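Data file: my_file.pdb. Format and content: PDB, C-alpha atoms, pLDDT in the B column.
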```
ATOM      1  CA  MET A 230      71.689 -56.892  83.227  1.00 44.00           C
ATOM      2  CA  SER A 231      68.683 -57.588  85.390  1.00 48.00           C
ATOM      3  CA  GLU A 232      65.321 -58.050  83.779  1.00 53.00           C
ATOM      4  CA  GLU A 233      62.929 -55.206  84.484  1.00 56.00           C
ATOM      5  CA  VAL A 234      59.731 -56.377  86.126  1.00 55.00           C
ATOM      6  CA  ARG A 235      56.659 -54.445  85.085  1.00 66.00           C
ATOM      7  CA  GLU A 236      54.146 -53.940  87.841  1.00 76.00           C
ATOM      8  CA  ILE A 237      50.678 -54.961  86.720  1.00 83.00           C
ATOM      9  CA  ASN A 238      47.615 -53.185  87.982  1.00 85.00           C
ATOM     10  CA  ILE A 239      44.851 -55.802  87.933  1.00 86.00           C
ATOM     11  CA  ASN A 240      42.244 -53.045  87.879  1.00 84.00           C
ATOM     12  CA  ASP A 241      43.304 -52.375  84.287  1.00 86.00           C
ATOM     13  CA  PHE A 242      41.577 -55.644  83.399  1.00 89.00           C
ATOM     14  CA  VAL A 243      38.386 -55.211  85.406  1.00 88.00           C
ATOM     15  CA  PRO A 244      35.536 -53.258  83.740  1.00 88.00           C
ATOM     16  CA  GLN A 245      34.368 -50.287  85.773  1.00 89.00           C
ATOM     17  CA  VAL A 246      30.749 -51.414  86.023  1.00 94.00           C
ATOM     18  CA  HIS A 247      28.114 -52.176  88.588  1.00 95.00           C
ATOM     19  CA  TYR A 248      25.071 -54.436  88.471  1.00 96.00           C
ATOM     20  CA  GLU A 249      21.448 -53.510  88.989  1.00 96.00           C
ATOM     21  CA  LEU A 250      18.067 -55.159  88.539  1.00 97.00           C
ATOM     22  CA  ILE A 251      16.160 -52.843  86.208  1.00 97.00           C
ATOM     23  CA  PRO A 252      12.569 -53.307  84.970  1.00 98.00           C
ATOM     24  CA  ILE A 253      12.417 -53.818  81.206  1.00 97.00           C
ATOM     25  CA  LYS A 254      10.114 -50.801  80.861  1.00 97.00           C
ATOM     26  CA  ASN A 255      13.000 -48.600  82.056  1.00 97.00           C
ATOM     27  CA  LEU A 256      15.421 -49.796  79.364  1.00 97.00           C
ATOM     28  CA  VAL A 257      15.824 -48.091  75.990  1.00 94.00           C
ATOM     29  CA  SER A 258      17.121 -49.767  72.819  1.00 90.00           C
ATOM     30  CA  ASN A 259      16.281 -47.334  70.016  1.00 86.00           C
ATOM     31  CA  GLN A 260      19.822 -46.269  69.105  1.00 88.00           C
ATOM     32  CA  ASP A 261      20.607 -46.016  65.395  1.00 89.00           C
ATOM     33  CA  TYR A 262      23.391 -48.613  65.623  1.00 88.00           C
ATOM     34  CA  GLN A 263      21.027 -51.285  67.002  1.00 86.00           C
ATOM     35  CA  ARG A 264      19.886 -54.149  64.806  1.00 84.00           C
ATOM     36  CA  ASN A 265      16.267 -54.417  63.790  1.00 88.00           C
ATOM     37  CA  LEU A 266      14.430 -56.565  66.293  1.00 90.00           C
ATOM     38  CA  SER A 267      13.812 -60.096  64.998  1.00 93.00           C
ATOM     39  CA  ILE A 268      10.367 -61.127  66.227  1.00 94.00           C
ATOM     40  CA  LYS A 269      10.949 -64.628  64.834  1.00 95.00           C
ATOM     41  CA  HIS A 270      14.089 -65.016  66.933  1.00 94.00           C
ATOM     42  CA  VAL A 271      12.347 -63.677  70.036  1.00 95.00           C
ATOM     43  CA  GLU A 272       9.411 -66.073  69.632  1.00 96.00           C
ATOM     44  CA  LYS A 273      11.671 -69.086  69.005  1.00 94.00           C
ATOM     45  CA  ALA A 274      13.852 -68.315  72.020  1.00 94.00           C
ATOM     46  CA  ALA A 275      10.793 -67.703  74.190  1.00 96.00           C
ATOM     47  CA  ALA A 276       9.336 -71.075  73.170  1.00 96.00           C
ATOM     48  CA  ASN A 277      12.582 -72.715  74.313  1.00 94.00           C
ATOM     49  CA  PHE A 278      13.203 -70.460  77.309  1.00 95.00           C
ATOM     50  CA  ASP A 279      15.941 -71.505  79.725  1.00 94.00           C
ATOM     51  CA  LEU A 280      16.643 -69.121  82.599  1.00 93.00           C
ATOM     52  CA  CYS A 281      20.252 -70.323  82.854  1.00 92.00           C
ATOM     53  CA  GLN A 282      20.904 -69.136  79.278  1.00 91.00           C
ATOM     54  CA  ILE A 283      20.047 -65.519  80.114  1.00 93.00           C
ATOM     55  CA  ASN A 284      23.055 -63.196  80.227  1.00 93.00           C
ATOM     56  CA  PRO A 285      23.223 -59.789  81.935  1.00 96.00           C
ATOM     57  CA  VAL A 286      22.172 -56.939  79.671  1.00 96.00           C
ATOM     58  CA  LYS A 287      24.855 -54.348  78.954  1.00 95.00           C
ATOM     59  CA  VAL A 288      23.595 -50.830  79.604  1.00 96.00           C
ATOM     60  CA  SER A 289      25.114 -47.405  79.082  1.00 94.00           C
ATOM     61  CA  ARG A 290      23.632 -44.907  81.509  1.00 95.00           C
ATOM     62  CA  ARG A 291      23.767 -41.485  79.888  1.00 91.00           C
ATOM     63  CA  ASP A 292      21.907 -38.452  81.236  1.00 90.00           C
ATOM     64  CA  GLY A 293      19.876 -40.730  83.492  1.00 92.00           C
ATOM     65  CA  VAL A 294      18.666 -42.938  80.594  1.00 94.00           C
ATOM     66  CA  ASN A 295      19.457 -46.665  80.462  1.00 96.00           C
ATOM     67  CA  TYR A 296      20.530 -47.383  76.876  1.00 95.00           C
ATOM     68  CA  VAL A 297      20.873 -51.083  76.024  1.00 94.00           C
ATOM     69  CA  PHE A 298      23.886 -51.743  73.800  1.00 91.00           C
ATOM     70  CA  ASN A 299      23.977 -55.519  74.237  1.00 91.00           C
ATOM     71  CA  GLY A 300      20.874 -57.527  75.082  1.00 93.00           C
ATOM     72  CA  GLN A 301      18.090 -55.987  73.000  1.00 94.00           C
ATOM     73  CA  HIS A 302      16.655 -59.403  72.129  1.00 95.00           C
ATOM     74  CA  THR A 303      17.204 -60.709  75.662  1.00 96.00           C
ATOM     75  CA  ILE A 304      14.887 -58.148  77.209  1.00 96.00           C
ATOM     76  CA  GLU A 305      12.188 -58.803  74.610  1.00 96.00           C
ATOM     77  CA  ILE A 306      12.395 -62.565  75.191  1.00 96.00           C
ATOM     78  CA  ILE A 307      11.985 -62.112  78.939  1.00 97.00           C
ATOM     79  CA  ALA A 308       9.135 -59.639  78.442  1.00 97.00           C
ATOM     80  CA  LEU A 309       7.338 -62.146  76.210  1.00 97.00           C
ATOM     81  CA  VAL A 310       7.862 -65.121  78.523  1.00 97.00           C
ATOM     82  CA  SER A 311       6.951 -63.215  81.685  1.00 97.00           C
ATOM     83  CA  GLY A 312       4.073 -61.352  80.045  1.00 97.00           C
ATOM     84  CA  SER A 313       5.165 -58.053  81.553  1.00 97.00           C
ATOM     85  CA  ARG A 314       7.590 -55.213  80.938  1.00 97.00           C
ATOM     86  CA  GLU A 315       7.641 -54.692  84.682  1.00 97.00           C
ATOM     87  CA  THR A 316       9.897 -57.765  84.902  1.00 97.00           C
ATOM     88  CA  PRO A 317      13.417 -56.806  86.034  1.00 97.00           C
ATOM     89  CA  VAL A 318      16.603 -58.066  84.395  1.00 97.00           C
ATOM     90  CA  TRP A 319      20.169 -57.992  85.629  1.00 97.00           C
ATOM     91  CA  CYS A 320      22.056 -55.197  83.926  1.00 97.00           C
ATOM     92  CA  MET A 321      25.776 -54.472  83.723  1.00 96.00           C
ATOM     93  CA  ILE A 322      25.873 -50.676  83.972  1.00 96.00           C
ATOM     94  CA  TYR A 323      28.532 -48.546  82.284  1.00 95.00           C
ATOM     95  CA  ASP A 324      28.352 -44.951  83.463  1.00 93.00           C
ATOM     96  CA  ASP A 325      29.017 -41.955  81.203  1.00 81.00           C
ATOM     97  CA  LEU A 326      30.006 -43.753  77.990  1.00 89.00           C
ATOM     98  CA  GLU A 327      29.907 -41.501  74.951  1.00 91.00           C
ATOM     99  CA  TYR A 328      27.394 -42.513  72.250  1.00 91.00           C
ATOM    100  CA  GLU A 329      30.226 -43.179  69.783  1.00 93.00           C
ATOM    101  CA  ARG A 330      31.923 -45.511  72.292  1.00 91.00           C
ATOM    102  CA  GLU A 331      28.680 -47.451  72.730  1.00 90.00           C
ATOM    103  CA  ALA A 332      28.383 -47.899  68.982  1.00 91.00           C
ATOM    104  CA  ASP A 333      32.001 -49.017  68.756  1.00 93.00           C
ATOM    105  CA  ILE A 334      31.528 -51.629  71.496  1.00 89.00           C
ATOM    106  CA  PHE A 335      28.358 -52.854  69.805  1.00 89.00           C
ATOM    107  CA  ALA A 336      30.042 -53.118  66.401  1.00 90.00           C
ATOM    108  CA  ASN A 337      33.087 -55.008  67.632  1.00 91.00           C
ATOM    109  CA  GLN A 338      31.808 -57.078  70.545  1.00 86.00           C
ATOM    110  CA  MET A 339      31.872 -60.325  68.537  1.00 82.00           C
ATOM    111  CA  LYS A 340      35.046 -59.541  66.565  1.00 87.00           C
ATOM    112  CA  TYR A 341      37.341 -61.829  68.552  1.00 86.00           C
ATOM    113  CA  THR A 342      34.769 -64.311  69.811  1.00 86.00           C
ATOM    114  CA  LYS A 343      35.389 -67.881  68.637  1.00 88.00           C
ATOM    115  CA  ALA A 344      32.133 -69.542  67.651  1.00 89.00           C
ATOM    116  CA  PHE A 345      31.401 -73.126  68.701  1.00 91.00           C
ATOM    117  CA  SER A 346      31.711 -75.686  65.928  1.00 94.00           C
ATOM    118  CA  PRO A 347      28.772 -78.067  65.274  1.00 95.00           C
ATOM    119  CA  TYR A 348      30.948 -80.909  66.592  1.00 96.00           C
ATOM    120  CA  GLU A 349      31.685 -79.066  69.857  1.00 96.00           C
ATOM    121  CA  ILE A 350      27.979 -78.343  70.357  1.00 96.00           C
ATOM    122  CA  PHE A 351      27.070 -81.956  69.529  1.00 97.00           C
ATOM    123  CA  MET A 352      29.546 -83.383  72.048  1.00 97.00           C
ATOM    124  CA  ALA A 353      28.395 -80.939  74.734  1.00 96.00           C
ATOM    125  CA  ASN A 354      24.834 -82.157  74.144  1.00 96.00           C
ATOM    126  CA  ILE A 355      26.077 -85.727  74.568  1.00 96.00           C
ATOM    127  CA  GLU A 356      27.552 -84.759  77.944  1.00 97.00           C
ATOM    128  CA  ALA A 357      24.243 -83.071  78.794  1.00 96.00           C
ATOM    129  CA  VAL A 358      22.477 -86.387  78.037  1.00 96.00           C
ATOM    130  CA  ASN A 359      20.171 -84.755  75.478  1.00 96.00           C
ATOM    131  CA  ASP A 360      18.033 -87.295  73.654  1.00 97.00           C
ATOM    132  CA  LYS A 361      18.484 -86.231  70.025  1.00 97.00           C
ATOM    133  CA  GLN A 362      22.266 -86.257  70.080  1.00 97.00           C
ATOM    134  CA  LEU A 363      22.371 -89.524  72.044  1.00 97.00           C
ATOM    135  CA  ILE A 364      20.085 -91.193  69.489  1.00 98.00           C
ATOM    136  CA  ILE A 365      22.125 -89.929  66.529  1.00 97.00           C
ATOM    137  CA  ASN A 366      25.402 -90.919  68.159  1.00 97.00           C
ATOM    138  CA  SER A 367      24.100 -94.396  68.973  1.00 97.00           C
ATOM    139  CA  LEU A 368      22.889 -94.832  65.398  1.00 97.00           C
ATOM    140  CA  VAL A 369      26.252 -93.797  63.938  1.00 97.00           C
ATOM    141  CA  GLU A 370      28.117 -96.133  66.301  1.00 97.00           C
ATOM    142  CA  SER A 371      25.801 -99.018  65.392  1.00 96.00           C
ATOM    143  CA  TYR A 372      27.482 -98.939  61.950  1.00 95.00           C
ATOM    144  CA  ASP A 373      30.960 -98.998  63.544  1.00 94.00           C
ATOM    145  CA  LEU A 374      31.386 -95.319  62.701  1.00 94.00           C
ATOM    146  CA  VAL A 375      32.151 -92.391  64.978  1.00 95.00           C
ATOM    147  CA  VAL A 376      31.062 -88.768  64.987  1.00 96.00           C
ATOM    148  CA  SER A 377      34.259 -86.800  64.599  1.00 94.00           C
ATOM    149  CA  SER A 378      35.654 -83.334  63.945  1.00 92.00           C
ATOM    150  CA  LYS A 379      38.098 -84.726  61.379  1.00 88.00           C
ATOM    151  CA  THR A 380      37.706 -86.412  58.009  1.00 86.00           C
ATOM    152  CA  SER A 381      39.137 -89.915  58.185  1.00 87.00           C
ATOM    153  CA  PRO A 382      37.995 -93.499  57.446  1.00 87.00           C
ATOM    154  CA  GLY A 383      35.021 -94.550  59.563  1.00 88.00           C
ATOM    155  CA  CYS A 384      34.323 -90.995  60.718  1.00 92.00           C
ATOM    156  CA  VAL A 385      31.329 -88.750  60.094  1.00 94.00           C
ATOM    157  CA  CYS A 386      32.222 -85.088  60.527  1.00 93.00           C
ATOM    158  CA  ALA A 387      29.161 -83.477  58.875  1.00 95.00           C
ATOM    159  CA  VAL A 388      27.555 -83.202  62.300  1.00 96.00           C
ATOM    160  CA  ALA A 389      25.123 -80.400  61.491  1.00 96.00           C
ATOM    161  CA  THR A 390      23.873 -82.420  58.498  1.00 97.00           C
ATOM    162  CA  LEU A 391      23.218 -85.493  60.647  1.00 97.00           C
ATOM    163  CA  GLU A 392      21.067 -83.349  62.942  1.00 97.00           C
ATOM    164  CA  SER A 393      19.343 -81.621  60.032  1.00 97.00           C
ATOM    165  CA  ILE A 394      18.348 -84.937  58.404  1.00 97.00           C
ATOM    166  CA  PHE A 395      17.129 -86.261  61.749  1.00 98.00           C
ATOM    167  CA  ASP A 396      15.016 -83.129  62.327  1.00 97.00           C
ATOM    168  CA  LYS A 397      13.624 -82.904  58.793  1.00 97.00           C
ATOM    169  CA  TYR A 398      13.101 -86.528  57.787  1.00 97.00           C
ATOM    170  CA  GLY A 399      13.301 -88.534  61.002  1.00 97.00           C
ATOM    171  CA  PHE A 400      15.336 -91.377  62.467  1.00 97.00           C
ATOM    172  CA  HIS A 401      14.514 -94.018  59.852  1.00 96.00           C
ATOM    173  CA  THR A 402      15.579 -91.858  56.920  1.00 96.00           C
ATOM    174  CA  LEU A 403      18.872 -91.052  58.629  1.00 97.00           C
ATOM    175  CA  ASP A 404      19.364 -94.749  59.381  1.00 97.00           C
ATOM    176  CA  ARG A 405      18.732 -95.732  55.761  1.00 96.00           C
ATOM    177  CA  THR A 406      20.949 -92.906  54.513  1.00 96.00           C
ATOM    178  CA  LEU A 407      23.906 -94.208  56.489  1.00 96.00           C
ATOM    179  CA  ARG A 408      23.179 -97.787  55.440  1.00 94.00           C
ATOM    180  CA  LEU A 409      23.087 -96.936  51.719  1.00 93.00           C
ATOM    181  CA  LEU A 410      26.267 -94.869  51.862  1.00 94.00           C
ATOM    182  CA  ILE A 411      28.128 -97.576  53.738  1.00 93.00           C
ATOM    183  CA  GLY A 412      26.865-100.222  51.296  1.00 90.00           C
ATOM    184  CA  ALA A 413      28.025 -98.179  48.332  1.00 89.00           C
ATOM    185  CA  TRP A 414      31.359 -96.778  49.556  1.00 90.00           C
ATOM    186  CA  GLU A 415      32.229 -98.912  52.615  1.00 85.00           C
ATOM    187  CA  GLY A 416      32.926 -96.010  54.952  1.00 82.00           C
ATOM    188  CA  ALA A 417      35.100 -93.896  52.650  1.00 85.00           C
ATOM    189  CA  PRO A 418      35.405 -90.423  54.252  1.00 80.00           C
ATOM    190  CA  LYS A 419      34.055 -88.461  51.279  1.00 89.00           C
ATOM    191  CA  SER A 420      30.905 -90.584  51.212  1.00 91.00           C
ATOM    192  CA  PHE A 421      29.820 -88.911  54.479  1.00 94.00           C
ATOM    193  CA  SER A 422      30.169 -85.345  53.252  1.00 94.00           C
ATOM    194  CA  ALA A 423      27.262 -82.974  53.820  1.00 95.00           C
ATOM    195  CA  ASN A 424      26.348 -83.086  50.122  1.00 96.00           C
ATOM    196  CA  MET A 425      26.320 -86.891  49.969  1.00 95.00           C
ATOM    197  CA  LEU A 426      24.293 -87.216  53.149  1.00 96.00           C
ATOM    198  CA  ASN A 427      21.775 -84.571  52.100  1.00 96.00           C
ATOM    199  CA  ARG A 428      21.288 -85.853  48.559  1.00 95.00           C
ATOM    200  CA  THR A 429      20.880 -89.456  49.678  1.00 95.00           C
ATOM    201  CA  ALA A 430      18.367 -88.442  52.353  1.00 96.00           C
ATOM    202  CA  ARG A 431      16.352 -86.439  49.796  1.00 95.00           C
ATOM    203  CA  LEU A 432      16.380 -89.383  47.407  1.00 93.00           C
ATOM    204  CA  ILE A 433      15.056 -91.674  50.135  1.00 94.00           C
ATOM    205  CA  HIS A 434      12.425 -89.132  51.144  1.00 93.00           C
ATOM    206  CA  CYS A 435      11.214 -88.668  47.570  1.00 92.00           C
ATOM    207  CA  PHE A 436      11.077 -92.308  46.504  1.00 90.00           C
ATOM    208  CA  GLY A 437      10.521 -94.127  49.803  1.00 85.00           C
ATOM    209  CA  ASP A 438       9.853 -97.846  49.328  1.00 82.00           C
ATOM    210  CA  ASP A 439      10.165 -97.519  45.534  1.00 81.00           C
ATOM    211  CA  LEU A 440      13.886 -97.051  46.053  1.00 80.00           C
ATOM    212  CA  LYS A 441      15.570-100.441  46.335  1.00 78.00           C
ATOM    213  CA  ASP A 442      18.561-100.694  48.614  1.00 76.00           C
ATOM    214  CA  LYS A 443      20.155-103.471  46.541  1.00 71.00           C
ATOM    215  CA  LYS A 444      20.473-103.700  42.791  1.00 55.00           C
ATOM    216  CA  ASN A 445      19.336-106.963  41.251  1.00 47.00           C
ATOM    217  CA  LEU A 446      22.283-108.045  39.074  1.00 41.00           C
ATOM    218  CA  GLU A 447      20.684-111.280  37.746  1.00 43.00           C
TER     219      GLU A 447
END
```
So, in terms of structure tokens, how does the structure I just supplied come out?
Amino acid sequence: MSEEVREININDFVPQVHYELIPIKNLVSNQDYQRNLSIKHVEKAAANFDLCQINPVKVSRRDGVNYVFNGQHTIEIIALVSGSRETPVWCMIYDDLEYEREADIFANQMKYTKAFSPYEIFMANIEAVNDKQLIINSLVESYDLVVSSKTSPGCVCAVATLESIFDKYGFHTLDRTLRLLIGAWEGAPKSFSANMLNRTARLIHCFGDDLKDKKNLE
């Protein structure tokens, strides 16, 4: 019995959209399913604006109105950075979507998206030659440890905690934190957990030079 070959129409996998540059002032994002606008997020993203991080805005064109259903914060970030709502943004236009379909797409757009792990982001920043991650990585390696995604001897997998300590307390506190943990537990995996790293860093921050790295046993 011969195997039946199903003919595949590649158009079934290509969204029926077109792209346009549309001024921000001509975009509407007041639908009930939209999130409340986070001014804090907009201001933070604007302060760290990178044009290459801007994605096309998804727009449903109904009755001649351009309703944004993905990209509400994007347009506000660009408006803030450019200083004008006349600034155009690239939009992916869906024609004649029903309101309920828009809301459904909005609600489920991230449902099957796999988020990056802190380790994956850290290693990508290493490849991008970004200073903070290079400094942290060099510090960890100076103790014959490695930044890793797995818990094993000589590995530090609490990557987000390493970055948090560096940001909050600085290089020297992170350095001393690693040194104290290694001195006490000799690289045992559990000694580099997020809790251990955080609590040791806070102890160092609170007591500073009053905290002695070695106990006088005499």
With 8 Å as the cut-off and all atoms listed in the file counted, what is the closest atom pair between each nearby residue of region 298-333 of chain A and region 274-290 of chain A? Distances in Å to one decimal, ordered by chain and number, as a tab-separated table.
```
residue	atom	partner	partner_atom	distance
A:Phe298	CA	A:Lys287	CA	5.9
A:Asn299	CA	A:Lys287	CA	4.9
A:Gly300	CA	A:Val286	CA	4.8
A:Gln301	CA	A:Val286	CA	7.9
A:Thr303	CA	A:Ile283	CA	7.1
A:Ile304	CA	A:Val286	CA	7.8
A:Ile306	CA	A:Ala275	CA	5.5
A:Ile307	CA	A:Ala275	CA	7.4
A:Leu309	CA	A:Ala275	CA	6.8
A:Val310	CA	A:Ala275	CA	5.8
A:Val318	CA	A:Pro285	CA	7.3
A:Trp319	CA	A:Pro285	CA	5.1
A:Cys320	CA	A:Val286	CA	4.6
A:Met321	CA	A:Lys287	CA	4.9
A:Ile322	CA	A:Val288	CA	4.9
A:Tyr323	CA	A:Ser289	CA	4.8
A:Asp324	CA	A:Arg290	CA	5.1
A:Asp325	CA	A:Arg290	CA	6.1
A:Leu326	CA	A:Ser289	CA	6.2
A:Glu331	CA	A:Ser289	CA	7.3
```
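Between Val388 (chain A) and the candidates A:Gln338, A:Ser346, A:Ser311, A:Thr316, the tightest atom-to-atom separation, counting only C-alpha atoms, involves A:Ser346.
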Atomic distance CA of Phe421 (chain A) - CA of Phe400 (chain A), expressed in Å with one decimal: 16.7 Å
To one decimal in Å, tell me the separation between CA of Tyr328 (chain A) and CA of Pro252 (chain A). 22.3 Å
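The nearest approach to His302 (chain A) among the residues A:Phe436, A:Ile253, A:Arg330, A:Ile237, with only C-alpha atoms taken into account, belongs to A:Ile253.
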Counting all atoms listed in the file, the residue of A:Tyr398, A:Tyr296, A:Tyr348, A:Tyr372 that sits nearest Val257 (chain A):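 Checking each of A:Tyr398, A:Tyr296, A:Tyr348, A:Tyr372 against Val257 (chain A), counting all atoms listed in the file, the winner is A:Tyr296.
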Can you list, as a ChimeraX atom specification, the residues that the PyMOL selection byres ((chain A and resi 347) around 10) selects here? /A:344-346,348-353,378,386-390,392
Would you please work out which residue, of A:Lys441, A:Leu391, A:Ile268, A:Trp414, is nearest to Asn427 (chain A) when using all atoms listed in the file?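 The closest residue to Asn427 (chain A) is A:Leu391.
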Excluding Pro382 (chain A) and residues on its chain fewer than 4 positions from it, collect all residues at most 9 Å away from it, counting only C-alpha atoms, and give them as a JSON list (two decimals) with C-alpha atoms, keeping the file's coordinate frame.
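File written: part_12.json
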```json
[["chain", "number", "residue", "atom", "x", "y", "z"],
["A", 374, "LEU", "CA", 31.39, -95.32, 62.70],
["A", 416, "GLY", "CA", 32.93, -96.01, 54.95],
["A", 417, "ALA", "CA", 35.10, -93.90, 52.65],
["A", 418, "PRO", "CA", 35.40, -90.42, 54.25],
["A", 419, "LYS", "CA", 34.06, -88.46, 51.28]]
```
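CA of Thr342 (chain A) sits 21.8 Å away from CA of Asn265 (chain A).
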Of the listed residues A:Glu329, A:Glu249, A:Asp241, A:Asp438, that which approaches Tyr262 (chain A) most closely, counting all atoms listed in the file: A:Glu329
Written as a PyMOL selection string, which residues does the PyMOL selection byres ((chain A and resi 411) around 12) give for the file shown? chain A and resi 369+371-374+382-385+404-410+412-421+425-426+429+442
